[in-house]
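Coordinates from final.txt are shown below (compact mmCIF, C-alpha atoms).
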```txt
# COMPACT_ATOMS: atom_id res chain seq x y z
CA MET A 1 117.99 198.68 163.44
CA SER A 2 118.54 202.28 162.53
CA THR A 3 115.84 203.84 160.43
CA ASP A 4 117.84 206.83 159.38
CA THR A 5 121.00 205.43 157.86
CA MET A 6 123.15 208.09 156.29
CA THR A 7 125.31 207.04 153.44
CA ALA A 8 127.47 209.00 151.08
CA THR A 9 127.89 206.01 148.81
CA GLN A 10 126.74 206.08 145.19
CA VAL A 11 126.07 202.89 143.25
CA TYR A 12 125.93 202.63 139.47
CA ARG A 13 125.11 199.52 137.51
CA VAL A 14 125.07 198.78 133.82
CA TYR A 15 124.64 195.61 131.78
CA ILE A 16 127.03 195.31 128.86
CA LYS A 17 127.12 192.69 126.14
CA ALA A 18 130.84 191.97 126.34
CA THR A 19 133.22 189.57 128.09
CA PRO A 20 134.49 190.38 131.58
CA GLN A 21 138.00 190.68 130.13
CA LYS A 22 136.90 193.26 127.59
CA ILE A 23 135.20 195.34 130.28
CA TRP A 24 138.24 194.97 132.54
CA ASP A 25 140.48 196.21 129.74
CA ALA A 26 138.16 199.12 129.03
CA ILE A 27 138.49 200.22 132.65
CA THR A 28 142.20 199.61 133.16
CA LYS A 29 143.95 200.07 129.82
CA PRO A 30 144.81 203.58 128.55
CA GLU A 31 144.10 202.71 124.90
CA TRP A 32 140.50 202.08 125.99
CA THR A 33 139.98 204.71 128.69
CA GLN A 34 140.70 207.53 126.27
CA ARG A 35 137.85 206.42 124.03
CA TYR A 36 134.84 207.08 126.28
CA GLY A 37 133.55 209.29 129.08
CA TYR A 38 136.09 211.89 130.15
CA THR A 39 138.66 210.29 127.78
CA ASN A 40 141.43 210.32 130.36
CA ILE A 41 144.49 208.11 129.98
CA ALA A 42 144.54 205.62 132.84
CA ASP A 43 147.77 204.31 134.29
CA PHE A 44 147.19 201.52 136.82
CA ASP A 45 149.95 199.62 138.57
CA LEU A 46 147.68 196.62 139.05
CA ARG A 47 148.84 195.25 142.39
CA PRO A 48 147.80 196.11 145.95
CA GLY A 49 149.62 199.27 146.91
CA GLY A 50 150.24 200.14 143.26
CA ALA A 51 149.68 203.66 142.03
CA TYR A 52 146.74 204.81 139.93
CA LYS A 53 147.02 207.94 137.85
CA ALA A 54 144.85 209.29 135.10
CA TYR A 55 146.33 211.77 132.66
CA PRO A 56 144.36 214.15 130.50
CA SER A 57 143.97 213.29 126.83
CA GLU A 58 144.71 215.92 124.20
CA ALA A 59 140.95 216.32 123.71
CA MET A 60 140.51 217.02 127.41
CA LYS A 61 143.30 219.61 127.42
CA ARG A 62 141.80 221.35 124.41
CA GLY A 63 138.30 221.17 125.90
CA GLY A 64 139.57 222.59 129.18
CA GLU A 65 141.37 225.38 127.39
CA ALA A 66 138.26 226.27 125.39
CA ALA A 67 136.17 226.34 128.58
CA GLY A 68 138.78 228.33 130.49
CA ILE A 69 139.37 225.48 132.96
CA PRO A 70 143.02 224.71 133.66
CA ILE A 71 143.63 220.97 133.29
CA PRO A 72 146.34 219.61 135.62
CA ASP A 73 148.98 217.08 134.50
CA VAL A 74 147.24 214.37 136.54
CA VAL A 75 143.43 214.51 136.63
CA VAL A 76 142.73 211.63 139.03
CA ASP A 77 145.05 209.75 141.35
CA GLY A 78 144.79 206.99 143.89
CA GLU A 79 146.15 203.71 145.17
CA VAL A 80 145.17 200.23 144.08
CA LEU A 81 143.75 198.33 147.06
CA GLU A 82 142.41 195.09 145.57
CA VAL A 83 142.91 193.48 142.18
CA ASP A 84 141.14 190.36 140.97
CA PRO A 85 141.13 190.45 137.17
CA PRO A 86 138.76 190.46 135.38
CA ASN A 87 136.18 190.74 138.17
CA ARG A 88 137.10 193.20 140.85
CA LEU A 89 139.17 196.32 141.24
CA VAL A 90 139.22 198.57 144.30
CA THR A 91 141.17 201.82 144.40
CA THR A 92 141.31 205.00 146.35
CA TRP A 93 140.28 207.87 144.13
CA ARG A 94 140.94 211.59 144.28
CA MET A 95 139.86 214.01 141.61
CA LEU A 96 142.49 216.64 140.91
CA MET A 97 140.83 218.13 137.87
CA ASP A 98 138.25 220.07 139.85
CA PRO A 99 139.97 222.51 142.24
CA GLU A 100 137.06 222.26 144.68
CA SER A 101 137.08 218.44 144.81
CA ALA A 102 140.82 217.98 145.15
CA PRO A 103 141.10 219.14 148.80
CA GLU A 104 138.38 216.65 149.82
CA GLY A 105 141.04 213.99 149.44
CA PHE A 106 140.75 210.32 148.70
CA THR A 107 137.49 208.47 148.24
CA ARG A 108 137.11 204.83 147.29
CA VAL A 109 135.89 203.25 144.05
CA THR A 110 135.04 199.58 143.52
CA PHE A 111 134.45 198.02 140.12
CA ASP A 112 132.65 194.67 140.16
CA ILE A 113 132.26 192.76 136.91
CA ALA A 114 130.01 189.70 137.02
CA GLU A 115 128.98 187.48 134.15
CA THR A 116 125.23 186.94 133.79
CA ASN A 117 123.60 184.87 131.09
CA GLY A 118 123.60 185.43 127.35
CA GLY A 119 127.09 186.90 127.13
CA VAL A 120 126.05 189.91 129.16
CA CYS A 121 128.07 191.23 132.09
CA ARG A 122 126.90 193.31 135.00
CA LEU A 123 129.27 196.12 135.86
CA THR A 124 128.71 197.79 139.23
CA VAL A 125 130.61 200.88 140.26
CA THR A 126 130.42 201.71 143.96
CA HIS A 127 131.83 205.07 144.92
CA GLU A 128 132.24 205.67 148.65
CA LEU A 129 132.16 209.43 149.05
CA GLU A 130 132.35 210.08 152.77
CA ASN A 131 133.34 213.69 153.47
CA ALA A 132 133.45 214.52 149.78
CA PRO A 133 130.22 216.38 149.02
CA ARG A 134 131.68 218.34 146.13
CA LEU A 135 133.04 215.22 144.44
CA ALA A 136 129.69 213.50 145.06
CA LEU A 137 128.07 216.30 143.08
CA VAL A 138 130.60 215.99 140.24
CA VAL A 139 130.46 212.19 139.89
CA GLY A 140 126.69 212.26 140.42
CA GLY A 141 126.37 214.37 137.27
CA GLY A 142 125.11 217.42 139.16
CA LEU A 143 127.44 219.77 137.30
CA GLU A 144 126.81 218.46 133.81
CA ASP A 145 125.20 221.70 132.65
CA THR A 146 128.39 223.58 133.49
CA GLY A 147 130.43 221.39 131.13
CA ALA A 148 131.83 219.14 133.86
CA GLY A 149 130.58 215.96 132.21
CA GLY A 150 127.78 213.77 133.50
CA GLY A 151 129.63 211.71 136.08
CA TRP A 152 129.47 207.93 136.38
CA ALA A 153 126.07 207.49 134.68
CA TRP A 154 127.38 209.36 131.66
CA VAL A 155 130.67 207.47 131.67
CA LEU A 156 128.99 204.06 131.93
CA SER A 157 126.41 204.83 129.26
CA ASP A 158 129.25 205.82 126.98
CA LEU A 159 131.29 202.73 127.89
CA LYS A 160 128.33 200.48 127.08
CA SER A 161 127.90 202.20 123.75
CA LEU A 162 131.60 201.87 122.94
CA LEU A 163 131.79 198.16 123.78
CA GLU A 164 128.49 197.19 122.15
CA ASN A 165 128.46 199.44 119.09
CA GLY A 166 132.13 200.19 118.66
CA SER A 167 131.61 203.89 119.08
CA PRO A 168 130.91 206.09 122.08
CA MET A 169 127.68 208.02 122.08
CA ASN A 170 128.73 211.33 123.51
CA MET A 171 131.18 212.32 120.81
CA GLU A 172 129.89 215.84 120.54
CA ASP A 173 129.77 216.41 124.29
CA GLY A 174 132.13 217.71 126.87
CA PHE A 175 135.75 216.99 126.34
CA LYS A 176 135.39 215.07 123.12
CA GLU A 177 137.12 216.07 119.91
CA MET B 1 110.43 192.57 127.49
CA ASN B 2 113.68 194.38 126.72
CA ASP B 3 115.63 196.70 129.01
CA ASP B 4 113.93 199.88 127.79
CA ASP B 5 110.50 198.30 128.21
CA ARG B 6 111.30 197.45 131.82
CA VAL B 7 112.47 201.00 132.52
CA PHE B 8 109.39 202.61 130.96
CA LYS B 9 107.11 200.17 132.74
CA ALA B 10 108.82 200.82 136.07
CA LEU B 11 108.51 204.59 135.60
CA ALA B 12 104.85 204.37 134.61
CA ASP B 13 103.69 204.32 138.21
CA PRO B 14 103.46 207.24 140.65
CA THR B 15 104.47 205.19 143.71
CA ARG B 16 107.62 203.98 141.98
CA ARG B 17 108.48 207.48 140.80
CA PHE B 18 107.94 208.66 144.37
CA LEU B 19 110.36 206.01 145.65
CA LEU B 20 112.97 207.10 143.09
CA ASP B 21 112.49 210.72 144.13
CA ARG B 22 113.02 209.77 147.77
CA LEU B 23 116.26 207.99 146.86
CA PHE B 24 117.31 210.94 144.72
CA GLN B 25 116.91 213.21 147.76
CA ARG B 26 118.91 210.84 149.91
CA ASP B 27 120.36 207.62 148.66
CA GLY B 28 120.99 204.35 150.46
CA ARG B 29 117.75 203.83 152.40
CA THR B 30 116.37 200.77 154.12
CA LEU B 31 112.99 199.27 153.31
CA THR B 32 111.76 200.47 156.70
CA GLU B 33 112.62 204.06 155.85
CA LEU B 34 111.05 203.90 152.42
CA GLU B 35 107.97 202.25 153.82
CA SER B 36 107.47 204.96 156.41
CA ASP B 37 107.03 207.52 153.61
CA LEU B 38 104.13 205.65 152.05
CA GLU B 39 100.65 204.70 153.11
CA MET B 40 101.09 201.18 151.90
CA THR B 41 101.84 197.76 153.34
CA ARG B 42 105.43 196.61 153.60
CA PHE B 43 104.62 193.94 151.07
CA GLY B 44 103.27 196.54 148.63
CA VAL B 45 106.43 198.63 148.90
CA MET B 46 108.56 195.52 148.42
CA LYS B 47 106.67 194.70 145.26
CA HIS B 48 107.32 198.15 143.82
CA LEU B 49 111.00 197.98 144.81
CA LYS B 50 111.30 194.62 143.09
CA ILE B 51 110.00 196.09 139.81
CA LEU B 52 112.45 199.00 140.17
CA GLU B 53 115.26 196.52 140.83
CA GLU B 54 114.35 194.41 137.83
CA ALA B 55 114.48 197.52 135.67
CA GLY B 56 117.91 198.28 137.15
CA LEU B 57 116.68 201.59 138.57
CA VAL B 58 117.36 200.49 142.13
CA VAL B 59 120.41 198.54 143.26
CA THR B 60 120.63 197.06 146.74
CA ARG B 61 123.74 196.67 148.78
CA LYS B 62 124.37 195.15 152.17
CA GLU B 63 125.99 197.42 154.72
CA GLY B 64 126.49 195.65 158.00
CA ARG B 65 123.17 194.05 158.85
CA GLU B 66 121.17 196.39 156.67
CA LYS B 67 120.08 196.16 153.07
CA LEU B 68 120.26 199.61 151.54
CA HIS B 69 118.52 200.73 148.37
CA PHE B 70 120.36 202.96 145.93
CA LEU B 71 119.04 204.86 142.96
CA ASN B 72 120.86 203.74 139.82
CA PRO B 73 120.53 206.50 137.24
CA VAL B 74 122.29 204.61 134.44
CA PRO B 75 119.14 203.10 132.83
CA ILE B 76 117.55 206.55 132.72
CA ARG B 77 120.74 207.88 131.19
CA LEU B 78 120.61 205.15 128.55
CA VAL B 79 116.99 205.99 127.74
CA HIS B 80 117.97 209.64 127.62
CA ASP B 81 120.90 209.00 125.29
CA ARG B 82 118.86 206.66 123.11
CA TRP B 83 115.55 208.52 122.91
CA ILE B 84 116.08 212.12 123.87
CA ASP B 85 119.60 213.10 122.93
CA LYS B 86 119.24 211.67 119.48
CA TYR B 87 116.10 213.45 118.38
CA THR B 88 115.14 216.36 120.52
CA GLU B 89 117.56 217.36 123.20
CA ARG B 90 117.84 220.98 122.15
CA GLN B 91 114.09 221.51 121.85
CA VAL B 92 113.36 219.62 125.04
CA SER B 93 115.85 221.58 127.10
CA ALA B 94 114.58 224.88 125.67
CA LEU B 95 111.05 223.90 126.62
CA ALA B 96 112.14 222.66 130.03
CA ASP B 97 113.83 226.02 130.64
CA LEU B 98 110.70 227.86 129.53
CA LYS B 99 108.49 225.76 131.78
CA HIS B 100 110.87 226.36 134.67
CA GLU B 101 110.87 230.09 134.05
CA LEU B 102 107.11 230.35 133.66
CA GLU B 103 106.60 228.36 136.82
CA GLY B 104 108.66 230.82 138.78
CA GLY B 105 112.16 229.35 139.03
CA SER B 106 115.19 230.74 137.33
CA ALA B 107 116.26 228.65 134.37
```

Could you render the structure as structure tokens?
Amino acid sequence: MSTDTMTATQVYRVYIKATPQKIWDAITKPEWTQRYGYTNIADFDLRPGGAYKAYPSEAMKRGGEAAGIPIPDVVVDGEVLEVDPPNRLVTTWRMLMDPESAPEGFTRVTFDIAETNGGVCRLTVTHELENAPRLALVVGGGLEDTGAGGGWAWVLSDLKSLLENGSPMNMEDGFKE
Amino acid sequence: MNDDDRVFKALADPTRRFLLDRLFQRDGRTLTELESDLEMTRFGVMKHLKILEEAGLVVTRKEGREKLHFLNPVPIRLVHDRWIDKYTERQVSALADLKHELEGGSA
């Protein structure tokens, strides 16, 4: 057994009082994705080999403009690898919004939604970030102070708040209106 | 005990904070690796990791034959958003900057 395993994987987990279907919709449907976190507009072709694109919301474009960061027409893209609604979604994932992350190419994101007891679901996001140190910094929240948003922890905290309280928490932050 | 209680309880121990710091430096470690950093029995380290797991601060994942431990920052983020953001973020960050500056870093 190796005692010095290197991994570039990041794992995020949050418990949300909502049905698996509601969480699935919040991840895959544009009317939901623009209401929390980076507020991008997701477009998934939910079949293996289908395309994934995320477009910037108006709030993101305005936020980018105000911060002097050019926002591209597509902010994240990838390919759907596995779809098992409402429990599992695997896609490749490339961030185009950050000019330093984009050339690192495609990484891999897995969403696992599992029902626990009491109407609470466990959402686990596993981001495999081999050869993508810059993106690891961005999604790890390491650039939050520069206005780049707080990565997955920030997104998932906001998602929990949206689904449980009906409103996201970070309204005044980052790219929000 | 609610979720916040479990997080605060888990953080209220120097060994557990040390384990989180180790995972922050490099994520995805085996029990053997984590154990080698501590003067403690394997069983003792396992007990601390279990409390961290129950608080959601550590998530384990099988990779091949190994069980790797990952730092999950989401519960800390939730505590931050619930307890710090709401009341005192501006003051806290100003003080944190001051402390950093006084202690010789650049804020």

Return as a ChimeraX atom specification the residues belonging to chain B that are within 10 Å of chain A, counting only C-alpha atoms.
-> /B:3,26-34,36,56-61,63,65-66,68-82,85-86

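Using all atoms listed in the file for every distance, the candidate list A:Glu144, A:Asp112, A:Asp77, A:Glu82 yields A:Asp77 as the residue closest to Met97 of chain A.
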
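Nearest-residue note for His48 of chain B: choosing from B:Phe8, B:Phe24, B:Phe18, B:Trp83, the minimum distance belongs to B:Phe18, counting only C-alpha atoms.
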
Would you list the contacts of Gly49 of chain A as a count of residues only, taking every protein, DNA or RNA residue within 7 Å and counting all atoms listed in the file, but skipping same-chain residues closer than 2 positions in sequence?
-> 5

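Among B:Glu54, B:Asp97, B:Glu103, B:Glu35, the residue with the shortest atom-to-atom distance to Leu11 of chain B, counting only C-alpha atoms, is B:Glu54.
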
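For the pair atom CA of Ile51 of chain B and atom CA of Ala10 of chain B, the interatomic distance is 6.1 Å.
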
Where's the centre, and what are the edge lengths in Å to one decimal, of a box along x, y and z enclosing all listed atoms of segment 51-64 of chain B padded 5 Å per side, as lines of an AutoDock Vina configuration file?
```
center_x = 118.2
center_y = 198.0
center_z = 146.8
size_x = 26.5
size_y = 17.2
size_z = 32.3
```

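Atom CA of Leu96 of chain A sits 17.4 Å away from atom CA of Thr146 of chain A.
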
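Our summary of the geometry notes that atom CA of Ala136 of chain A is positioned 16.5 Å from atom CA of Gly78 of chain A.
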
Pick out the residues sitting within 9 Å of Pro70 of chain A, and hand them over as a count of residues only; count only C-alpha atoms, and ignore anything fewer than 3 positions along from it in its own chain.
-> 5

Using only C-alpha atoms, which protein or nucleic acid residues come within 8 Å of Pro85 of chain A? Drop anything in the same chain fewer than 3 positions from it, and give the result as a PDB file with C-alpha atoms, keeping the file's coordinate frame.
```pdb
ATOM      1  CA  GLN A  21     138.000 190.680 130.130  1.00  0.00           C
ATOM      2  CA  TRP A  24     138.240 194.970 132.540  1.00  0.00           C
ATOM      3  CA  ARG A  88     137.100 193.200 140.850  1.00  0.00           C
ATOM      4  CA  LEU A  89     139.170 196.320 141.240  1.00  0.00           C
TER       5      LEU A  89
END
```

Reconstruct segment 33-57 of chain B at the level of N, CA and C atoms, and format the result as a PDB file, keeping the file's coordinate frame.
```
ATOM      1  N   GLU B  33     112.694 202.624 156.105  1.00  0.00           N
ATOM      2  CA  GLU B  33     112.620 204.060 155.850  1.00  0.00           C
ATOM      3  C   GLU B  33     111.693 204.377 154.690  1.00  0.00           C
ATOM      4  N   LEU B  34     111.843 203.627 153.615  1.00  0.00           N
ATOM      5  CA  LEU B  34     111.050 203.900 152.420  1.00  0.00           C
ATOM      6  C   LEU B  34     109.574 203.647 152.691  1.00  0.00           C
ATOM      7  N   GLU B  35     109.333 202.635 153.487  1.00  0.00           N
ATOM      8  CA  GLU B  35     107.970 202.250 153.820  1.00  0.00           C
ATOM      9  C   GLU B  35     107.288 203.322 154.650  1.00  0.00           C
ATOM     10  N   SER B  36     108.070 203.980 155.510  1.00  0.00           N
ATOM     11  CA  SER B  36     107.470 204.960 156.410  1.00  0.00           C
ATOM     12  C   SER B  36     106.985 206.196 155.652  1.00  0.00           C
ATOM     13  N   ASP B  37     107.465 206.375 154.414  1.00  0.00           N
ATOM     14  CA  ASP B  37     107.030 207.520 153.610  1.00  0.00           C
ATOM     15  C   ASP B  37     105.741 207.248 152.859  1.00  0.00           C
ATOM     16  N   LEU B  38     105.262 206.020 152.900  1.00  0.00           N
ATOM     17  CA  LEU B  38     104.130 205.650 152.050  1.00  0.00           C
ATOM     18  C   LEU B  38     103.004 205.026 152.876  1.00  0.00           C
ATOM     19  N   GLU B  39     101.797 205.343 152.468  1.00  0.00           N
ATOM     20  CA  GLU B  39     100.650 204.700 153.110  1.00  0.00           C
ATOM     21  C   GLU B  39     100.377 203.403 152.372  1.00  0.00           C
ATOM     22  N   MET B  40     101.169 202.424 152.664  1.00  0.00           N
ATOM     23  CA  MET B  40     101.090 201.180 151.900  1.00  0.00           C
ATOM     24  C   MET B  40     101.684 200.085 152.774  1.00  0.00           C
ATOM     25  N   THR B  41     101.272 198.856 152.547  1.00  0.00           N
ATOM     26  CA  THR B  41     101.840 197.760 153.340  1.00  0.00           C
ATOM     27  C   THR B  41     103.303 197.553 152.955  1.00  0.00           C
ATOM     28  N   ARG B  42     104.027 196.933 153.867  1.00  0.00           N
ATOM     29  CA  ARG B  42     105.430 196.610 153.600  1.00  0.00           C
ATOM     30  C   ARG B  42     105.537 195.743 152.343  1.00  0.00           C
ATOM     31  N   PHE B  43     104.617 194.828 152.231  1.00  0.00           N
ATOM     32  CA  PHE B  43     104.620 193.940 151.070  1.00  0.00           C
ATOM     33  C   PHE B  43     104.426 194.723 149.777  1.00  0.00           C
ATOM     34  N   GLY B  44     103.526 195.698 149.815  1.00  0.00           N
ATOM     35  CA  GLY B  44     103.270 196.540 148.630  1.00  0.00           C
ATOM     36  C   GLY B  44     104.517 197.307 148.211  1.00  0.00           C
ATOM     37  N   VAL B  45     105.198 197.874 149.197  1.00  0.00           N
ATOM     38  CA  VAL B  45     106.430 198.630 148.900  1.00  0.00           C
ATOM     39  C   VAL B  45     107.487 197.691 148.340  1.00  0.00           C
ATOM     40  N   MET B  46     107.587 196.503 148.919  1.00  0.00           N
ATOM     41  CA  MET B  46     108.560 195.520 148.420  1.00  0.00           C
ATOM     42  C   MET B  46     108.311 195.165 146.963  1.00  0.00           C
ATOM     43  N   LYS B  47     107.027 195.050 146.632  1.00  0.00           N
ATOM     44  CA  LYS B  47     106.670 194.700 145.260  1.00  0.00           C
ATOM     45  C   LYS B  47     107.121 195.789 144.278  1.00  0.00           C
ATOM     46  N   HIS B  48     106.890 197.034 144.677  1.00  0.00           N
ATOM     47  CA  HIS B  48     107.320 198.150 143.820  1.00  0.00           C
ATOM     48  C   HIS B  48     108.850 198.196 143.714  1.00  0.00           C
ATOM     49  N   LEU B  49     109.527 197.960 144.831  1.00  0.00           N
ATOM     50  CA  LEU B  49     111.000 197.980 144.810  1.00  0.00           C
ATOM     51  C   LEU B  49     111.545 196.871 143.927  1.00  0.00           C
ATOM     52  N   LYS B  50     110.849 195.742 143.917  1.00  0.00           N
ATOM     53  CA  LYS B  50     111.300 194.620 143.090  1.00  0.00           C
ATOM     54  C   LYS B  50     111.224 194.990 141.602  1.00  0.00           C
ATOM     55  N   ILE B  51     110.137 195.671 141.217  1.00  0.00           N
ATOM     56  CA  ILE B  51     110.000 196.090 139.810  1.00  0.00           C
ATOM     57  C   ILE B  51     111.099 197.117 139.457  1.00  0.00           C
ATOM     58  N   LEU B  52     111.377 198.014 140.405  1.00  0.00           N
ATOM     59  CA  LEU B  52     112.450 199.000 140.170  1.00  0.00           C
ATOM     60  C   LEU B  52     113.804 198.302 140.067  1.00  0.00           C
ATOM     61  N   GLU B  53     113.997 197.274 140.881  1.00  0.00           N
ATOM     62  CA  GLU B  53     115.260 196.520 140.830  1.00  0.00           C
ATOM     63  C   GLU B  53     115.398 195.765 139.525  1.00  0.00           C
ATOM     64  N   GLU B  54     114.299 195.173 139.082  1.00  0.00           N
ATOM     65  CA  GLU B  54     114.350 194.410 137.830  1.00  0.00           C
ATOM     66  C   GLU B  54     114.629 195.321 136.641  1.00  0.00           C
ATOM     67  N   ALA B  55     114.206 196.561 136.740  1.00  0.00           N
ATOM     68  CA  ALA B  55     114.480 197.520 135.670  1.00  0.00           C
ATOM     69  C   ALA B  55     115.878 198.120 135.826  1.00  0.00           C
ATOM     70  N   GLY B  56     116.557 197.765 136.902  1.00  0.00           N
ATOM     71  CA  GLY B  56     117.910 198.280 137.150  1.00  0.00           C
ATOM     72  C   GLY B  56     117.909 199.682 137.730  1.00  0.00           C
ATOM     73  N   LEU B  57     116.741 200.211 138.075  1.00  0.00           N
ATOM     74  CA  LEU B  57     116.680 201.590 138.570  1.00  0.00           C
ATOM     75  C   LEU B  57     117.059 201.682 140.045  1.00  0.00           C
TER      76      LEU B  57
END
```
